[in-house]
>>> print(open('run05.cif').read())   # mmCIF, C-alpha atoms and all ligand atoms
data_work
#
loop_
_atom_site.label_atom_id
_atom_site.label_comp_id
_atom_site.auth_asym_id
_atom_site.auth_seq_id
_atom_site.Cartn_x
_atom_site.Cartn_y
_atom_site.Cartn_z
CA MET A 57 0.00 0.00 0.00
CA HIS A 58 2.98 2.29 0.39
CA PRO A 59 2.80 3.78 -3.17
CA LEU A 60 -0.87 4.59 -2.61
CA GLN A 61 -0.10 6.48 0.58
CA GLN A 62 2.63 8.40 -1.18
CA ALA A 63 0.33 9.40 -4.03
CA LEU A 64 -2.39 10.48 -1.59
CA ALA A 65 0.10 12.57 0.39
CA GLN A 66 1.33 14.16 -2.83
CA ALA A 67 -2.25 15.06 -3.83
CA ARG A 68 -2.70 16.79 -0.47
CA ALA A 69 0.57 18.67 -0.86
CA ASP A 70 -0.53 19.81 -4.33
CA HIS A 71 -3.90 21.07 -3.02
CA GLN A 72 -5.58 18.54 -5.27
CA TYR A 73 -7.02 16.23 -2.68
CA ARG A 74 -10.78 15.80 -3.09
CA GLN A 75 -13.23 15.46 -0.28
CA ARG A 76 -16.87 14.58 -0.20
CA HIS A 77 -19.36 16.59 1.81
CA ILE A 78 -22.49 15.19 3.35
CA ARG A 79 -25.72 16.84 2.28
CA ASP A 80 -28.81 16.33 4.39
CA SER A 81 -31.42 18.23 2.39
CA ALA A 82 -32.73 17.91 -1.14
CA GLN A 83 -30.67 19.48 -3.93
CA GLY A 84 -31.52 23.15 -4.30
CA VAL A 85 -30.27 26.71 -4.04
CA LEU A 86 -30.69 26.61 -0.25
CA LEU A 87 -29.36 23.42 1.20
CA GLN A 88 -28.03 21.75 4.29
CA GLN A 89 -24.57 20.28 4.21
CA ASP A 90 -22.02 19.39 6.86
CA GLY A 91 -24.48 20.54 9.51
CA ARG A 92 -24.84 24.05 8.05
CA GLU A 93 -27.25 25.99 5.85
CA TRP A 94 -25.85 27.21 2.55
CA LEU A 95 -26.70 29.35 -0.43
CA SER A 96 -25.49 27.07 -3.19
CA PHE A 97 -24.14 27.86 -6.66
CA ASN A 98 -22.86 24.38 -6.96
CA SER A 99 -25.21 22.02 -8.80
CA ASN A 100 -26.26 21.20 -12.35
CA ASP A 101 -29.93 21.49 -11.42
CA TYR A 102 -30.19 24.55 -13.68
CA LEU A 103 -33.97 24.65 -13.95
CA GLY A 104 -34.63 23.81 -10.31
CA LEU A 105 -36.51 20.61 -11.14
CA ALA A 106 -34.63 18.09 -8.96
CA ASN A 107 -36.92 18.82 -6.04
CA HIS A 108 -40.04 20.04 -7.88
CA PRO A 109 -43.32 18.79 -6.34
CA THR A 110 -44.78 17.71 -9.71
CA VAL A 111 -41.67 15.68 -10.47
CA ILE A 112 -41.65 14.11 -7.02
CA SER A 113 -45.29 13.16 -7.20
CA ALA A 114 -44.82 11.58 -10.67
CA ALA A 115 -42.00 9.48 -9.20
CA THR A 116 -43.83 8.42 -6.06
CA GLN A 117 -46.99 7.55 -7.95
CA ALA A 118 -45.06 5.42 -10.43
CA MET A 119 -43.17 3.78 -7.61
CA THR A 120 -46.33 2.92 -5.71
CA GLN A 121 -47.77 1.27 -8.81
CA GLY A 122 -44.66 -0.16 -10.43
CA GLY A 123 -42.20 -0.86 -7.64
CA VAL A 124 -38.68 0.44 -7.22
CA GLY A 125 -36.16 -1.56 -9.21
CA SER A 126 -36.56 -2.41 -12.90
CA GLY A 127 -35.21 -5.86 -12.05
CA ALA A 128 -33.47 -6.58 -15.35
CA ALA A 129 -31.69 -5.13 -18.37
CA HIS A 130 -33.79 -3.57 -21.17
CA LEU A 131 -33.33 -6.59 -23.46
CA ILE A 132 -34.48 -9.05 -20.79
CA SER A 133 -37.54 -7.89 -18.86
CA GLY A 134 -36.42 -4.45 -17.66
CA HIS A 135 -37.97 -2.32 -20.43
CA HIS A 136 -41.05 -0.71 -18.89
CA ARG A 137 -43.79 1.20 -20.71
CA LEU A 138 -42.65 4.36 -18.87
CA HIS A 139 -39.14 3.96 -20.37
CA HIS A 140 -40.70 3.58 -23.77
CA GLU A 141 -42.90 6.66 -23.36
CA LEU A 142 -39.93 8.70 -22.19
CA GLU A 143 -37.91 7.64 -25.24
CA GLU A 144 -40.74 8.81 -27.48
CA ALA A 145 -41.04 12.11 -25.60
CA LEU A 146 -37.27 12.73 -25.84
CA ALA A 147 -37.27 11.97 -29.59
CA ASP A 148 -40.13 14.42 -30.04
CA PHE A 149 -38.45 17.08 -27.87
CA THR A 150 -35.17 16.89 -29.78
CA GLN A 151 -36.92 16.50 -33.18
CA ARG A 152 -35.22 13.20 -33.89
CA SER A 153 -36.34 9.82 -35.25
CA ARG A 154 -35.73 7.87 -32.08
CA ALA A 155 -34.18 8.07 -28.62
CA LEU A 156 -32.67 5.36 -26.44
CA LEU A 157 -32.33 5.55 -22.67
CA PHE A 158 -29.08 4.84 -20.84
CA SER A 159 -28.37 4.61 -17.13
CA THR A 160 -25.79 7.41 -17.20
CA GLY A 161 -24.26 9.88 -19.63
CA TYR A 162 -20.89 8.30 -19.04
CA MET A 163 -22.26 4.99 -20.33
CA ALA A 164 -24.13 6.59 -23.24
CA ASN A 165 -20.93 8.20 -24.50
CA PHE A 166 -19.00 4.98 -24.12
CA ALA A 167 -21.77 3.09 -25.94
CA VAL A 168 -21.89 5.41 -28.94
CA ILE A 169 -18.14 5.66 -29.45
CA SER A 170 -17.28 2.01 -28.82
CA SER A 171 -20.07 0.41 -30.76
CA LEU A 172 -20.12 2.68 -33.83
CA TYR A 173 -16.35 3.16 -34.33
CA HIS A 174 -13.72 0.46 -34.55
CA LYS A 175 -10.12 -0.31 -35.48
CA GLY A 176 -9.03 1.89 -38.39
CA ASP A 177 -11.53 4.65 -37.49
CA ALA A 178 -10.69 7.97 -35.81
CA ILE A 179 -12.44 10.07 -33.17
CA PHE A 180 -11.73 13.83 -33.30
CA GLU A 181 -12.34 15.51 -29.96
CA ASP A 182 -12.16 19.04 -28.59
CA ARG A 183 -9.37 19.24 -26.00
CA LEU A 184 -11.85 20.31 -23.33
CA ASN A 185 -14.45 17.61 -23.96
CA HIS A 186 -15.96 15.96 -20.90
CA ALA A 187 -13.90 13.14 -19.38
CA SER A 188 -16.51 10.56 -20.39
CA LEU A 189 -15.99 11.40 -24.08
CA ILE A 190 -12.23 11.27 -23.77
CA ASP A 191 -12.38 7.99 -21.83
CA ALA A 192 -14.80 6.47 -24.33
CA ALA A 193 -12.29 7.06 -27.12
CA ARG A 194 -9.33 5.94 -25.02
CA LEU A 195 -11.02 2.70 -24.06
CA GLY A 196 -12.30 1.93 -27.55
CA GLU A 197 -10.47 0.60 -30.61
CA ALA A 198 -10.55 3.71 -32.79
CA ALA A 199 -7.74 6.30 -32.70
CA LEU A 200 -8.23 9.46 -30.60
CA VAL A 201 -7.19 12.78 -32.16
CA ARG A 202 -7.64 15.98 -30.15
CA TYR A 203 -7.97 19.52 -31.49
CA GLN A 204 -7.65 22.94 -29.80
CA HIS A 205 -10.68 24.13 -27.87
CA LEU A 206 -13.39 25.49 -30.21
CA ASP A 207 -10.76 25.96 -32.91
CA MET A 208 -12.23 24.91 -36.25
CA PRO A 209 -9.03 25.57 -38.23
CA SER A 210 -7.24 23.25 -35.75
CA LEU A 211 -9.89 20.58 -36.32
CA GLY A 212 -9.53 21.07 -40.08
CA ARG A 213 -5.76 20.54 -39.86
CA GLN A 214 -6.23 17.37 -37.82
CA LEU A 215 -8.71 16.06 -40.38
CA ASP A 216 -6.24 16.87 -43.14
CA THR A 217 -3.50 14.80 -41.54
CA HIS A 218 -5.43 11.88 -40.04
CA ALA A 219 -7.02 9.65 -42.64
CA ALA A 220 -9.25 6.85 -41.35
CA ALA A 221 -11.95 4.49 -42.55
CA GLN A 222 -14.65 6.36 -40.63
CA ARG A 223 -14.26 9.64 -38.81
CA VAL A 224 -16.43 11.35 -36.23
CA LEU A 225 -16.17 14.89 -34.83
CA VAL A 226 -17.12 14.94 -31.17
CA SER A 227 -17.84 17.89 -28.88
CA ASP A 228 -19.61 18.96 -25.74
CA GLY A 229 -22.57 21.19 -26.70
CA ILE A 230 -21.95 23.46 -23.70
CA PHE A 231 -18.54 22.83 -22.15
CA SER A 232 -18.96 21.53 -18.64
CA MET A 233 -16.20 23.52 -16.92
CA ASP A 234 -16.11 26.64 -19.11
CA GLY A 235 -19.75 27.06 -20.03
CA ASP A 236 -18.96 28.16 -23.57
CA GLU A 237 -20.82 26.81 -26.58
CA CYS A 238 -19.63 24.58 -29.36
CA ASP A 239 -19.72 25.77 -32.98
CA VAL A 240 -22.16 23.19 -34.32
CA THR A 241 -22.38 24.93 -37.69
CA GLY A 242 -18.59 25.03 -38.11
CA MET A 243 -18.29 21.36 -37.18
CA CYS A 244 -20.99 20.38 -39.66
CA GLN A 245 -19.24 22.27 -42.46
CA LEU A 246 -16.00 20.41 -41.77
CA ALA A 247 -17.89 17.13 -41.45
CA LYS A 248 -19.38 17.60 -44.92
CA ARG A 249 -16.03 18.53 -46.43
CA PHE A 250 -14.24 15.54 -44.89
CA ASP A 251 -17.13 13.08 -45.01
CA ALA A 252 -17.19 12.66 -41.23
CA ASP A 253 -19.99 12.14 -38.71
CA VAL A 254 -20.81 14.62 -35.92
CA MET A 255 -21.57 13.72 -32.31
CA ILE A 256 -22.69 16.33 -29.76
CA ASP A 257 -22.88 15.63 -26.04
CA ASP A 258 -25.39 18.24 -24.89
CA ALA A 259 -25.44 17.33 -21.19
CA HIS A 260 -25.50 21.02 -20.20
CA GLY A 261 -27.51 22.31 -23.15
CA ILE A 262 -30.64 20.14 -22.96
CA GLY A 263 -33.33 22.08 -21.08
CA VAL A 264 -31.20 25.22 -20.99
CA VAL A 265 -30.27 26.34 -24.51
CA GLY A 266 -32.79 27.35 -27.18
CA GLU A 267 -36.26 28.81 -26.96
CA HIS A 268 -37.86 25.79 -25.30
CA GLY A 269 -34.67 24.19 -24.06
CA GLN A 270 -34.25 21.79 -26.95
CA GLY A 271 -30.51 22.16 -26.83
CA THR A 272 -27.46 23.48 -28.61
CA VAL A 273 -27.87 21.57 -31.86
CA LEU A 274 -31.40 22.72 -32.68
CA SER A 275 -30.71 26.25 -31.45
CA GLN A 276 -27.92 26.49 -34.06
CA GLY A 277 -30.24 25.09 -36.74
CA GLY A 278 -28.63 21.61 -36.80
CA SER A 279 -30.84 18.77 -38.03
CA GLU A 280 -30.57 15.05 -37.38
CA GLN A 281 -28.90 14.75 -40.78
CA ASP A 282 -26.24 17.32 -39.85
CA VAL A 283 -25.66 15.83 -36.38
CA PRO A 284 -26.70 12.18 -36.40
CA LEU A 285 -25.40 11.51 -32.89
CA LEU A 286 -26.88 13.48 -30.00
CA VAL A 287 -26.35 12.57 -26.36
CA GLY A 288 -28.30 14.25 -23.58
CA THR A 289 -28.39 13.64 -19.85
CA LEU A 290 -31.33 13.65 -17.47
CA GLY A 291 -29.42 14.33 -14.25
CA LYS A 292 -28.69 18.00 -14.98
CA ALA A 293 -31.35 20.47 -16.17
CA LEU A 294 -34.03 17.78 -16.17
CA GLY A 295 -33.33 17.15 -12.51
CA THR A 296 -33.58 13.34 -12.46
CA PHE A 297 -31.05 10.69 -13.48
CA GLY A 298 -29.89 8.87 -16.60
CA ALA A 299 -29.18 9.78 -20.20
CA PHE A 300 -30.27 9.25 -23.77
CA VAL A 301 -28.94 8.99 -27.30
CA ALA A 302 -31.17 10.46 -30.01
CA GLY A 303 -30.73 9.90 -33.71
CA PRO A 304 -31.65 7.94 -36.83
CA ASP A 305 -33.27 4.51 -36.61
CA ASP A 306 -30.20 2.60 -37.81
CA VAL A 307 -28.02 4.22 -35.14
CA ILE A 308 -30.48 3.40 -32.36
CA GLU A 309 -30.94 -0.19 -33.61
CA THR A 310 -27.17 -0.68 -33.79
CA LEU A 311 -26.83 0.51 -30.20
CA ILE A 312 -29.60 -1.85 -29.04
CA GLN A 313 -27.95 -4.77 -30.85
CA THR A 314 -24.31 -4.12 -30.01
CA ALA A 315 -23.66 -1.50 -27.30
CA ARG A 316 -22.33 -3.33 -24.28
CA PRO A 317 -23.05 -0.44 -21.86
CA TYR A 318 -26.67 -0.77 -23.01
CA ILE A 319 -27.01 -4.53 -23.05
CA TYR A 320 -25.20 -5.57 -19.90
CA THR A 321 -26.71 -3.28 -17.32
CA THR A 322 -29.93 -2.94 -15.35
CA ALA A 323 -32.56 -0.57 -16.75
CA LEU A 324 -33.25 2.65 -14.82
CA PRO A 325 -36.05 2.45 -12.26
CA PRO A 326 -39.30 3.10 -14.18
CA ALA A 327 -40.23 5.76 -11.60
CA ILE A 328 -37.20 7.77 -12.76
CA ALA A 329 -38.64 7.64 -16.28
CA ALA A 330 -42.00 8.84 -14.93
CA ALA A 331 -40.29 11.68 -13.06
CA THR A 332 -38.40 12.65 -16.20
CA LEU A 333 -41.59 12.69 -18.28
CA ALA A 334 -42.92 15.22 -15.76
CA SER A 335 -39.74 17.31 -15.62
CA LEU A 336 -39.41 17.31 -19.41
CA ARG A 337 -42.90 18.77 -19.67
CA LEU A 338 -42.01 21.51 -17.15
CA ALA A 339 -38.69 22.21 -18.86
CA ARG A 340 -40.38 22.53 -22.21
CA GLU A 341 -43.33 24.65 -21.15
CA GLU A 342 -41.96 26.91 -18.43
CA ASP A 343 -39.88 29.30 -20.49
CA TRP A 344 -39.66 31.61 -17.45
CA ARG A 345 -37.03 29.26 -16.01
CA ARG A 346 -34.69 29.89 -18.92
CA GLU A 347 -35.48 33.63 -18.84
CA GLN A 348 -34.66 33.72 -15.15
CA LEU A 349 -31.34 31.96 -15.82
CA GLN A 350 -30.39 34.42 -18.55
CA SER A 351 -31.20 37.33 -16.29
CA HIS A 352 -28.97 35.89 -13.52
CA VAL A 353 -26.12 35.33 -15.95
CA GLN A 354 -26.34 38.95 -17.12
CA THR A 355 -26.56 40.36 -13.59
CA PHE A 356 -23.56 38.29 -12.55
CA ARG A 357 -21.40 39.19 -15.53
CA ARG A 358 -22.22 42.87 -15.20
CA GLY A 359 -21.36 42.66 -11.50
CA LEU A 360 -17.97 41.08 -12.21
CA GLU A 361 -17.15 43.75 -14.76
CA GLU A 362 -18.09 46.51 -12.31
CA MET A 363 -15.51 45.01 -9.94
CA GLY A 364 -12.93 45.16 -12.70
CA LEU A 365 -12.90 41.40 -13.24
CA VAL A 366 -13.03 39.82 -16.66
CA ALA A 367 -16.06 37.59 -17.05
CA ALA A 368 -15.53 34.37 -18.99
CA THR A 369 -16.93 34.08 -22.51
CA SER A 370 -19.76 31.84 -21.31
CA THR A 371 -23.36 32.98 -21.67
CA SER A 372 -24.66 29.73 -20.13
CA PRO A 373 -25.53 29.17 -16.45
CA ILE A 374 -21.99 27.79 -16.00
CA GLN A 375 -19.85 30.83 -15.10
CA PRO A 376 -16.23 29.97 -14.33
CA LEU A 377 -14.12 32.41 -12.33
CA LEU A 378 -10.51 31.59 -13.22
CA LEU A 379 -8.04 31.79 -10.34
CA GLY A 380 -4.94 30.03 -11.63
CA ASP A 381 -3.38 27.66 -9.13
CA SER A 382 -5.21 25.07 -7.06
CA GLU A 383 -4.35 26.70 -3.75
CA THR A 384 -5.90 30.05 -4.71
CA ALA A 385 -9.01 28.32 -6.02
CA LEU A 386 -9.36 26.41 -2.76
CA ARG A 387 -8.83 29.56 -0.70
CA ALA A 388 -11.47 31.37 -2.75
CA SER A 389 -13.95 28.56 -2.21
CA GLN A 390 -13.20 28.63 1.54
CA ALA A 391 -13.53 32.42 1.63
CA LEU A 392 -17.03 32.17 0.17
CA GLN A 393 -17.88 29.60 2.83
CA GLN A 394 -17.39 32.35 5.41
CA HIS A 395 -20.41 33.98 3.74
CA ASP A 396 -22.38 30.70 3.84
CA ILE A 397 -21.98 30.39 0.08
CA LEU A 398 -21.18 27.10 -1.55
CA VAL A 399 -19.10 27.05 -4.75
CA SER A 400 -16.62 24.30 -5.65
CA ALA A 401 -13.00 24.84 -6.50
CA ILE A 402 -12.34 22.91 -9.70
CA ARG A 403 -8.74 21.83 -9.99
CA PRO A 404 -6.56 19.71 -12.29
CA PRO A 405 -6.95 17.14 -13.72
CA THR A 406 -10.58 18.20 -14.24
CA VAL A 407 -9.25 21.42 -15.81
CA PRO A 408 -5.80 22.10 -17.32
CA THR A 409 -2.91 22.97 -14.97
CA GLY A 410 -2.88 26.69 -14.12
CA GLN A 411 -6.61 27.03 -14.82
CA ALA A 412 -8.05 26.13 -11.43
CA ARG A 413 -11.29 28.00 -10.90
CA LEU A 414 -14.51 28.49 -9.09
CA ARG A 415 -17.25 26.86 -11.11
CA ILE A 416 -20.31 28.97 -10.37
CA THR A 417 -23.63 27.66 -11.62
CA PHE A 418 -27.01 29.35 -11.57
CA SER A 419 -30.46 27.91 -11.14
CA ALA A 420 -33.86 29.26 -12.11
CA GLU A 421 -34.67 28.98 -8.40
CA HIS A 422 -32.06 31.60 -7.47
CA SER A 423 -33.43 35.08 -6.83
CA GLU A 424 -31.87 38.36 -7.90
CA ALA A 425 -30.94 38.89 -4.22
CA HIS A 426 -29.02 35.59 -4.22
CA ILE A 427 -26.91 36.78 -7.14
CA ARG A 428 -26.25 40.08 -5.33
CA SER A 429 -25.12 38.18 -2.22
CA LEU A 430 -22.72 36.17 -4.32
CA LEU A 431 -21.32 39.29 -5.98
CA ASP A 432 -20.88 41.02 -2.60
CA ALA A 433 -19.07 37.98 -1.19
CA ILE A 434 -16.79 37.81 -4.22
CA GLU A 435 -15.99 41.49 -3.90
CA GLN A 436 -15.21 41.24 -0.19
CA SER A 437 -13.38 37.93 -0.09
CA VAL A 438 -12.23 36.70 -3.50
CA LEU A 439 -11.13 39.95 -5.08
CA PRO A 440 -8.41 40.47 -2.40
CA LEU A 441 -7.00 37.00 -3.18
CA LEU A 442 -6.71 37.93 -6.84
CA ARG A 443 -5.01 41.23 -5.98
CA ASP A 444 -2.43 39.31 -3.90
CA GLN A 445 -1.36 37.19 -6.86
C1 LIG A 501 -22.25 15.18 -16.61
C2 LIG A 501 -21.77 14.91 -18.00
C3 LIG A 501 -21.77 13.61 -18.51
C4 LIG A 501 -22.07 12.42 -17.66
O1 LIG A 501 -23.42 12.26 -17.45
P1 LIG A 501 -23.87 11.38 -16.20
O2 LIG A 501 -25.29 11.07 -16.49
O3 LIG A 501 -23.67 12.23 -15.01
O4 LIG A 501 -23.01 10.16 -16.20
C5 LIG A 501 -21.42 13.45 -19.83
N1 LIG A 501 -21.06 14.49 -20.59
C6 LIG A 501 -21.02 15.75 -20.13
C7 LIG A 501 -20.62 16.86 -21.03
C8 LIG A 501 -21.37 15.99 -18.80
O5 LIG A 501 -21.30 17.22 -18.33
#
>>> encode(input="run05.cif", output="structure tokens", more="lines below")
Ligand SMILES: *Cc1c(COP(=O)(O)O)cnc(C)c1O
Amino acid sequence: MHPLQQALAQARADHQYRQRHIRDSAQGVLLQQDGREWLSFNSNDYLGLANHPTVISAATQAMTQGGVGSGAAHLISGHHRLHHELEEALADFTQRSRALLFSTGYMANFAVISSLYHKGDAIFEDRLNHASLIDAARLGEAALVRYQHLDMPSLGRQLDTHAAAQRVLVSDGIFSMDGDECDVTGMCQLAKRFDADVMIDDAHGIGVVGEHGQGTVLSQGGSEQDVPLLVGTLGKALGTFGAFVAGPDDVIETLIQTARPYIYTTALPPAIAAATLASLRLAREEDWRREQLQSHVQTFRRGLEEMGLVAATSTSPIQPLLLGDSETALRASQALQQHDILVSAIRPPTVPTGQARLRITFSAEHSEAHIRSLLDAIEQSVLPLLRDQ
């Protein structure tokens, strides 16, 4: 065990040691954790649906009637009518032929990349893609080629130099740690020119981006033909758990027939599907949630600029505040705790070395006063840390 202890000690010395906190309340903007009450800017529950009464009652009703566990994989006896209805609702929402449920986004990404691309193929990924997309390519048989963040000329150069039987261009829709948006149109143009496929993981865009929250691809005018592979997750803006792949019939059938992360795992509890049907309806209809988010983002960015700080390029509810080294990021997070505000310090290897940050996220359930409290706390306690650097 000695090498393990050494590595753990090193992580502590580098300010990269991670610790879990124990939350006692539901997820929300006001929560209880480690025996204290907090104002939280620290979840992916952007629309405030994780603890919504309509969503809870859909889940409890389904659970009372249908039990808790699904009891089997989808291809055995696990596939419940509620799963099926949710797949149809997600296909309709994203304007795609079909959708297929997965237990997590991590597994959905692994499924798509490993079952559609093989030896001799190449996966082109943005450098800042989510770890699950990078891992999927690393674990699969196809070659992984990375391009500079959001840099279409860099992607073009990589395509020029890496021939392969089949090629796919893969990106986050909204980048999970930076909050900026992928250039779907630019990717589709390159895909046409180089005869490649396009895959977008819209974990942070579904429910948030576009007029009714239909995501980054549709909001940039991308069709199923332009972007055949769309992954979305249910555990973020939709407030429940799980993920889906939406696309053409032959893609979905291939995943059902061959994707090991689909075949060899237990189906989600049907009550989670029922809850998601309810939250999807709320997400789609209650445009005020997205309007509220946009207003918070603008208030926050304006506030940062008034303090003389440079806001990141993100216009999404993910607003990173870059601090540089891990120690400063940790100290900033701790300084906000003095104001009963919860924001995580995100450190390498989740983000590149030297780009440790506070990852601030907004929810439709935040009030204008909450955003003001955050700005005041940043001004009093984080700004001085930045001046010291
Ligand atoms: C959160 C996230 C995932 C993983 O989804 P889970 O359902 O939490 O496993 C995949 N991709 C991106 C971009 C994410 O942010």
>>> residues_near_ligand(input="run05.cif", ligand="ligand LIG 501 (chain A)", cutoff="7 Å", atoms="all atoms listed in the file", output="list in words")
Thr160, Gly161, Tyr162, Met163, Asn185, His186, Ser188, Leu189, Asp228, Phe231, Ser232, Asp257, Asp258, Ala259, His260, Thr289, Leu290, Gly291, Phe297, Gly298 and Ala299 of chain A
>>> residues_around(input="run05.cif", residues="Asn107 (chain A)", least_positions_apart="4", cutoff="10 Å", atoms="only C-alpha atoms", output="PDB file with C-alpha atoms, in the frame of the given file")
ATOM      1  CA  ALA A  82     -32.730  17.910  -1.140  1.00  0.00           C
ATOM      2  CA  GLN A  83     -30.670  19.480  -3.930  1.00  0.00           C
ATOM      3  CA  GLY A  84     -31.520  23.150  -4.300  1.00  0.00           C
ATOM      4  CA  ASP A 101     -29.930  21.490 -11.420  1.00  0.00           C
ATOM      5  CA  VAL A 111     -41.670  15.680 -10.470  1.00  0.00           C
ATOM      6  CA  ILE A 112     -41.650  14.110  -7.020  1.00  0.00           C
ATOM      7  CA  GLY A 295     -33.330  17.150 -12.510  1.00  0.00           C
ATOM      8  CA  THR A 296     -33.580  13.340 -12.460  1.00  0.00           C
TER       9      THR A 296
END
>>> residues_around(input="run05.cif", residues="region 317-325 of chain A", least_positions_apart="2", cutoff="8 Å", atoms="all atoms listed in the file", output="VMD selection string")
chain A and resid 124 to 131 134 to 135 158 to 159 163 to 164 166 to 167 298 311 to 315 327 to 329
>>> closest_residue(input="run05.cif", among="A:Thr332, A:Thr409, A:Ser370, A:Gln393", to="Ala115 (chain A)", atoms="all atoms listed in the file")
A:Thr332
>>> residues_around(input="run05.cif", residues="Gly261 (chain A)", least_positions_apart="3", cutoff="6 Å", atoms="all atoms listed in the file", output="list of chain:residue names")
A:Ile230, A:Asp258, A:Val264, A:Val265, A:Gly271, A:Thr272
>>> write_last_selection(input="run05.cif", atoms="C-alpha atoms", output="mmCIF file, keeping the file's coordinate frame")
data_model
loop_
_atom_site.group_PDB
_atom_site.id
_atom_site.type_symbol
_atom_site.label_atom_id
_atom_site.label_comp_id
_atom_site.auth_asym_id
_atom_site.auth_seq_id
_atom_site.Cartn_x
_atom_site.Cartn_y
_atom_site.Cartn_z
ATOM 1 C CA ILE A 230 -21.950 23.460 -23.700
ATOM 2 C CA ASP A 258 -25.390 18.240 -24.890
ATOM 3 C CA VAL A 264 -31.200 25.220 -20.990
ATOM 4 C CA VAL A 265 -30.270 26.340 -24.510
ATOM 5 C CA GLY A 271 -30.510 22.160 -26.830
ATOM 6 C CA THR A 272 -27.460 23.480 -28.610
#
>>> closest_residue(input="run05.cif", among="A:Arg152, A:His108, A:His139, A:Arg358", to="Val307 (chain A)", atoms="only C-alpha atoms")
A:Arg152
>>> atom_distance(input="run05.cif", atom1="CA of Ala69 (chain A)", atom2="CA of Asp90 (chain A)")
23.9 Å
>>> closest_residue(input="run05.cif", among="A:Ser423, A:Thr241, A:Gln350, A:Gln121", to="Val273 (chain A)", atoms="all atoms listed in the file")
A:Thr241
>>> build_atoms(input="run05.cif", residues="region 179-183 of chain A", atoms="all heavy atoms", output="JSON list (two decimals), in the frame of the given file")
[["chain", "number", "residue", "atom", "x", "y", "z"],
["A", 179, "ILE", "N", -11.53, 9.21, -33.93],
["A", 179, "ILE", "CA", -12.44, 10.07, -33.17],
["A", 179, "ILE", "C", -11.74, 11.41, -32.96],
["A", 179, "ILE", "O", -10.68, 11.45, -32.34],
["A", 179, "ILE", "CB", -12.71, 9.46, -31.75],
["A", 179, "ILE", "CG1", -12.87, 7.93, -31.79],
["A", 179, "ILE", "CG2", -13.87, 10.16, -31.05],
["A", 179, "ILE", "CD1", -14.14, 7.43, -32.37],
["A", 180, "PHE", "N", -12.32, 12.50, -33.44],
["A", 180, "PHE", "CA", -11.73, 13.83, -33.30],
["A", 180, "PHE", "C", -12.45, 14.57, -32.17],
["A", 180, "PHE", "O", -13.65, 14.81, -32.27],
["A", 180, "PHE", "CB", -11.86, 14.61, -34.62],
["A", 180, "PHE", "CG", -11.04, 14.00, -35.73],
["A", 180, "PHE", "CD1", -11.49, 12.85, -36.39],
["A", 180, "PHE", "CD2", -9.83, 14.54, -36.08],
["A", 180, "PHE", "CE1", -10.72, 12.27, -37.39],
["A", 180, "PHE", "CE2", -9.06, 13.97, -37.09],
["A", 180, "PHE", "CZ", -9.50, 12.82, -37.74],
["A", 181, "GLU", "N", -11.70, 14.90, -31.13],
["A", 181, "GLU", "CA", -12.34, 15.51, -29.96],
["A", 181, "GLU", "C", -11.74, 16.86, -29.59],
["A", 181, "GLU", "O", -10.51, 17.03, -29.61],
["A", 181, "GLU", "CB", -12.22, 14.56, -28.75],
["A", 181, "GLU", "CG", -12.94, 13.24, -28.94],
["A", 181, "GLU", "CD", -13.44, 12.66, -27.62],
["A", 181, "GLU", "OE1", -13.69, 13.43, -26.67],
["A", 181, "GLU", "OE2", -13.58, 11.42, -27.55],
["A", 182, "ASP", "N", -12.60, 17.77, -29.18],
["A", 182, "ASP", "CA", -12.16, 19.04, -28.59],
["A", 182, "ASP", "C", -11.33, 18.72, -27.35],
["A", 182, "ASP", "O", -11.69, 17.84, -26.56],
["A", 182, "ASP", "CB", -13.39, 19.89, -28.21],
["A", 182, "ASP", "CG", -13.03, 21.31, -27.78],
["A", 182, "ASP", "OD1", -12.39, 21.48, -26.72],
["A", 182, "ASP", "OD2", -13.43, 22.23, -28.51],
["A", 183, "ARG", "N", -10.26, 19.47, -27.16],
["A", 183, "ARG", "CA", -9.37, 19.24, -26.00],
["A", 183, "ARG", "C", -10.11, 19.32, -24.68],
["A", 183, "ARG", "O", -9.70, 18.70, -23.70],
["A", 183, "ARG", "CB", -8.27, 20.31, -25.96],
["A", 183, "ARG", "CG", -7.15, 20.04, -26.90],
["A", 183, "ARG", "CD", -5.79, 20.47, -26.33],
["A", 183, "ARG", "NE", -4.78, 19.70, -27.01],
["A", 183, "ARG", "CZ", -4.29, 18.55, -26.56],
["A", 183, "ARG", "NH1", -4.66, 18.09, -25.40],
["A", 183, "ARG", "NH2", -3.40, 17.88, -27.25]]
